[in-house]
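Enquirer: One structure, as structure tokens, below. Some questions next.
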Amino acid sequence: MSDDEREEKELDLTSPEVVTKYKSAAEIVNKALQLVVKDCKPKAKIVDICEKGDVFIREQTGNMYKNVKRKIERGVAFPTCISVNNTVCHISPLASDTSELEEGDMVKIDLGCHIDGFIAIVAHTHVVQDGPITGRQADVVAAVNTAAEVALRLVRPGKKNKDVTDAIQKVAAAYDCKIVEGVLSHQLKQFVIDGNKVILSVSNPDTRVDDAEFEENEVYAVDIVASTGEGKPKLLDEKQTTIYKRAVDKNYHLKMKTSRFIFSEINQKFPILPFTARALEEKRARLGLVECVNHDLLQPYPVLHEKPGDYVAHIKFTVLLMPNGSDRVTSHPLQELQPTKTIDDPEIKAWLALGTKTKKKGGGKKKKGKKGDKAEESAEAEPMDEATNGATS
């Protein structure tokens, strides 16, 4: 086998080495998330928590693959974000920002890590308080969590992206919440955080994606955001944007010296994956990024908001579509929930009862195998039932 063929073969989950890299990245992401959740306390500065998450990922990945012949890129795949209450996503403040968390804040944490370009991402919702989450806050967290569990069972070979879009909207409606528009779940590939195969959160005339069928050995970042409001977030201030990604297919000769300096730094440090402007020299970055964005050299990740008073919850997980079933590799335990709604819809209950492992075909002990599968499926669905049905009516 030539080196080219070997490289090609190593790009998906048919290679044990690739699976190991995804799972190693996922392990670091889960630990980083744990660390960040612990720091989400009243009076904690948001920028400090974001920085702590990024530093942890850089340190942990830096300790891996040190003594290999080929240089292996590794580090932050998506900067740590802390988006509060009605803010939907992408808050990763600059060093000068003084915003702090307060008691009762609903916090969306979003971060990612990669090893050799194999990316693991996670998002989680945490309320800054002791004791269970109640009322409408609990409803919206239960909505995204149940939608995530349903999506996990529908993102499997042979199913279509549209199946997931329809299902997660139905789940959100059961909790009297809305899935937030404009959020896409992407296929992940080596060094590609936004692959061409996508799952649309909400289908509407303005947003269309190609129909796609999930296949074995693919990897997806399943991204679900729900709101107690209308689910139609708005960009209020472009200056809040601090996360960008190099648009690798675009080129332009920048006029300002500051812009050229910043763009050169970006190409050197962050040539492919998203980064935060906090990682650049702040005064120069403020000036230089504007020209880079205006000429489409960078793709901004805008900060979006629902209306004040609306609660927004976010869950994102990375799933490997292995031959033996769907393997969710990033997650974090939820706080205790006491939602005001329960799931009564038989179709949603049927989705939740599906297993995530593939049944083995053939074999002499077929009946026994089936029974075993049934037991495994119901065992996997049980935690979900507890989370959704521990509700107070």
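Chain labels follow the order of the structure tokens: the first chain is A, the next B, and so on; residue numbering restarts at 1 in every chain, and ligands are counted from 1 in their shown order.
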Report as a VMD selection string: the residues of segment 192-381 of chain A with a DSSP assignment of strand (DSSP E), based on the backbone of this structure.

Expert: chain A and resid 198 to 200 219 to 227 234 to 235 243 to 246 275 to 276 298 to 301 304 to 305 312 to 322 325 to 328 337 to 338

Enquirer: Do you know which residues are at most 12 Å from Gly309 of chain A counting only C-alpha atoms, after dropping those on the same chain fewer than 5 positions away, and could you put them as a count of residues only?

Expert: 12

Enquirer: Can you list every residue of segment 81-195 of chain A that has an atom at most 9 Å from segment 52-58 of chain A, with its nearest atom pair and the distance in Å to one decimal, using only C-alpha atoms, ordered by chain then number, as CSV?

Expert:
residue,atom,partner,partner_atom,distance
A:Cys81,CA,A:Gly53,CA,8.9
A:Leu111,CA,A:Gly53,CA,7.9
A:Gly112,CA,A:Ile57,CA,8.4
A:Cys113,CA,A:Ile57,CA,6.6

Enquirer: As a PDB file with N, CA and C atoms, in the first residue's frame, please: the residues near Asp116 of chain A (cut-off 6 Å, only C-alpha atoms, same-chain neighbours under 6 positions excluded).

Expert:
ATOM      1  N   ILE A  72       2.092  16.090  14.486  1.00  0.00           N
ATOM      2  CA  ILE A  72       0.636  15.949  14.564  1.00  0.00           C
ATOM      3  C   ILE A  72       0.041  17.224  15.175  1.00  0.00           C
ATOM      4  N   GLU A  73      -0.791  17.911  14.378  1.00  0.00           N
ATOM      5  CA  GLU A  73      -1.472  19.113  14.871  1.00  0.00           C
ATOM      6  C   GLU A  73      -2.491  18.699  15.927  1.00  0.00           C
ATOM      7  N   ARG A  74      -2.640  19.531  16.961  1.00  0.00           N
ATOM      8  CA  ARG A  74      -3.629  19.221  17.999  1.00  0.00           C
ATOM      9  C   ARG A  74      -3.897  20.490  18.812  1.00  0.00           C
TER      10      ARG A  74
END

Enquirer: Nearest to Ile28 of chain A among A:Pro339, A:Gly182, A:Pro157, A:Gly62, with distances taken over only C-alpha atoms: which residue is it?

Expert: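 Of A:Pro339, A:Gly182, A:Pro157, A:Gly62, the one nearest Ile28 of chain A is A:Gly62, counting only C-alpha atoms.
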
Enquirer: Could you give me, as an MDAnalysis selection string, each residue of segment 36-247 of chain A that DSSP assigns to alpha helix (DSSP H) when run on this structure's backbone?

Expert: chainID A and resid 36:39 46:62 135:154 161:174

Enquirer: Segment 322-334 of chain A: which residues within 7 Å, counting only C-alpha atoms, same-chain residues fewer than 6 positions away excluded, as JSON, numbers by chain?

Expert: {"A": [23, 26, 30, 121, 122, 124, 156, 216, 217, 356, 357, 358]}

Enquirer: Go ahead and save the picked residues with all heavy atoms, as a CSV table (one decimal), in the first residue's frame.

Expert:
chain,number,residue,atom,x,y,z
A,23,LYS,N,-11.7,9.6,20.0
A,23,LYS,CA,-12.1,9.3,21.4
A,23,LYS,C,-11.1,10.0,22.4
A,23,LYS,O,-11.6,10.4,23.5
A,23,LYS,CB,-12.1,7.8,21.7
A,23,LYS,CG,-13.3,7.1,20.9
A,23,LYS,CD,-13.5,5.7,21.4
A,23,LYS,CE,-14.8,5.2,20.8
A,23,LYS,NZ,-15.1,3.8,21.2
A,26,ALA,N,-12.3,13.5,22.5
A,26,ALA,CA,-13.6,13.5,23.3
A,26,ALA,C,-13.3,13.5,24.8
A,26,ALA,O,-14.0,14.2,25.6
A,26,ALA,CB,-14.5,12.4,22.8
A,30,ASN,N,-14.6,16.3,27.3
A,30,ASN,CA,-15.5,16.0,28.5
A,30,ASN,C,-14.9,16.5,29.8
A,30,ASN,O,-15.6,17.1,30.6
A,30,ASN,CB,-15.8,14.5,28.5
A,30,ASN,CG,-16.7,14.1,27.4
A,30,ASN,OD1,-17.4,14.8,26.8
A,30,ASN,ND2,-16.6,12.8,27.0
A,121,ILE,N,-16.6,17.8,19.7
A,121,ILE,CA,-17.2,19.0,20.2
A,121,ILE,C,-18.3,18.7,21.2
A,121,ILE,O,-18.9,17.6,21.1
A,121,ILE,CB,-17.8,19.8,19.1
A,121,ILE,CG1,-17.0,19.8,17.8
A,121,ILE,CG2,-18.0,21.3,19.5
A,121,ILE,CD1,-17.6,20.5,16.7
A,122,VAL,N,-18.6,19.6,22.1
A,122,VAL,CA,-19.6,19.4,23.1
A,122,VAL,C,-20.3,20.8,23.4
A,122,VAL,O,-19.6,21.8,23.4
A,122,VAL,CB,-19.1,18.7,24.4
A,122,VAL,CG1,-18.3,19.6,25.2
A,122,VAL,CG2,-20.3,18.1,25.2
A,124,HIS,N,-23.3,22.2,26.5
A,124,HIS,CA,-24.0,21.8,27.6
A,124,HIS,C,-24.7,23.0,28.3
A,124,HIS,O,-24.2,24.1,28.2
A,124,HIS,CB,-23.1,21.1,28.6
A,124,HIS,CG,-23.7,20.7,29.9
A,124,HIS,ND1,-24.5,19.6,30.1
A,124,HIS,CD2,-23.5,21.3,31.2
A,124,HIS,CE1,-24.9,19.5,31.3
A,124,HIS,NE2,-24.3,20.5,32.0
A,156,ARG,N,-28.4,7.5,12.3
A,156,ARG,CA,-27.9,6.1,12.1
A,156,ARG,C,-27.9,5.8,10.6
A,156,ARG,O,-28.8,6.3,9.9
A,156,ARG,CB,-28.6,5.1,13.0
A,156,ARG,CG,-30.1,5.1,12.7
A,156,ARG,CD,-30.8,3.9,13.4
A,156,ARG,NE,-30.7,4.0,14.8
A,156,ARG,CZ,-31.0,2.9,15.6
A,156,ARG,NH1,-31.3,1.8,15.1
A,156,ARG,NH2,-30.9,3.0,16.9
A,216,GLU,N,-22.5,4.5,7.5
A,216,GLU,CA,-21.6,3.9,8.5
A,216,GLU,C,-20.2,4.6,8.3
A,216,GLU,O,-19.8,5.0,7.2
A,216,GLU,CB,-21.4,2.4,8.2
A,216,GLU,CG,-21.0,1.6,9.4
A,216,GLU,CD,-21.0,0.1,9.1
A,216,GLU,OE1,-22.1,-0.5,9.2
A,216,GLU,OE2,-20.0,-0.4,8.7
A,217,ASN,N,-19.5,4.7,9.4
A,217,ASN,CA,-18.1,5.3,9.5
A,217,ASN,C,-18.1,6.8,9.3
A,217,ASN,O,-17.1,7.4,9.1
A,217,ASN,CB,-17.2,4.7,8.5
A,217,ASN,CG,-17.0,3.2,8.8
A,217,ASN,OD1,-16.8,2.8,10.0
A,217,ASN,ND2,-17.0,2.3,7.8
A,356,THR,N,-29.2,2.2,20.7
A,356,THR,CA,-28.2,2.9,19.9
A,356,THR,C,-27.2,1.9,19.3
A,356,THR,O,-26.3,2.3,18.5
A,356,THR,CB,-27.4,4.0,20.7
A,356,THR,OG1,-26.8,3.3,21.8
A,356,THR,CG2,-28.4,5.0,21.2
A,357,LYS,N,-27.3,0.7,19.6
A,357,LYS,CA,-26.4,-0.3,19.1
A,357,LYS,C,-27.1,-1.1,17.9
A,357,LYS,O,-28.3,-1.3,18.0
A,357,LYS,CB,-26.0,-1.4,20.2
A,357,LYS,CG,-25.3,-0.7,21.3
A,357,LYS,CD,-24.0,-0.1,20.9
A,357,LYS,CE,-23.3,0.7,22.0
A,357,LYS,NZ,-22.5,1.8,21.5
A,358,THR,N,-26.3,-1.5,17.0
A,358,THR,CA,-26.9,-2.2,15.8
A,358,THR,C,-27.0,-3.7,16.2
A,358,THR,O,-26.1,-4.3,16.8
A,358,THR,CB,-25.9,-2.1,14.6
A,358,THR,OG1,-25.7,-0.7,14.4
A,358,THR,CG2,-26.5,-2.7,13.4

Enquirer: Show which residues sit within 9 Å of Ala167 of chain A, as a list in words. Count only C-alpha atoms, and ignore same-chain residues fewer than 6 positions away.

Expert: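 Non-adjacent residues within range: Ala147, Val150, Ala151, Leu154, Ile348 and Trp351 of chain A.
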
Enquirer: Store the residues of this selection in a file with N, CA, C and O atoms, as a PDB file, in the first residue's frame.

Expert:
ATOM      1  N   ALA A 147     -34.570  15.953  22.926  1.00  0.00           N
ATOM      2  CA  ALA A 147     -34.329  16.064  21.477  1.00  0.00           C
ATOM      3  C   ALA A 147     -32.970  15.452  21.114  1.00  0.00           C
ATOM      4  O   ALA A 147     -32.839  14.774  20.086  1.00  0.00           O
ATOM      5  N   VAL A 150     -33.290  11.676  21.207  1.00  0.00           N
ATOM      6  CA  VAL A 150     -34.008  11.203  20.012  1.00  0.00           C
ATOM      7  C   VAL A 150     -33.082  11.279  18.786  1.00  0.00           C
ATOM      8  O   VAL A 150     -32.991  10.339  17.997  1.00  0.00           O
ATOM      9  N   ALA A 151     -32.379  12.400  18.655  1.00  0.00           N
ATOM     10  CA  ALA A 151     -31.453  12.570  17.518  1.00  0.00           C
ATOM     11  C   ALA A 151     -30.386  11.480  17.510  1.00  0.00           C
ATOM     12  O   ALA A 151     -30.061  10.921  16.462  1.00  0.00           O
ATOM     13  N   LEU A 154     -31.719   8.536  15.897  1.00  0.00           N
ATOM     14  CA  LEU A 154     -32.105   8.681  14.486  1.00  0.00           C
ATOM     15  C   LEU A 154     -30.923   8.998  13.564  1.00  0.00           C
ATOM     16  O   LEU A 154     -31.047   8.883  12.350  1.00  0.00           O
ATOM     17  N   ILE A 348     -42.777   9.864  20.229  1.00  0.00           N
ATOM     18  CA  ILE A 348     -41.535  10.273  20.920  1.00  0.00           C
ATOM     19  C   ILE A 348     -41.074   9.154  21.850  1.00  0.00           C
ATOM     20  O   ILE A 348     -39.883   8.822  21.917  1.00  0.00           O
ATOM     21  N   TRP A 351     -39.352   6.532  19.828  1.00  0.00           N
ATOM     22  CA  TRP A 351     -37.990   6.926  19.458  1.00  0.00           C
ATOM     23  C   TRP A 351     -37.031   6.708  20.620  1.00  0.00           C
ATOM     24  O   TRP A 351     -35.936   6.193  20.448  1.00  0.00           O
TER      25      TRP A 351
END
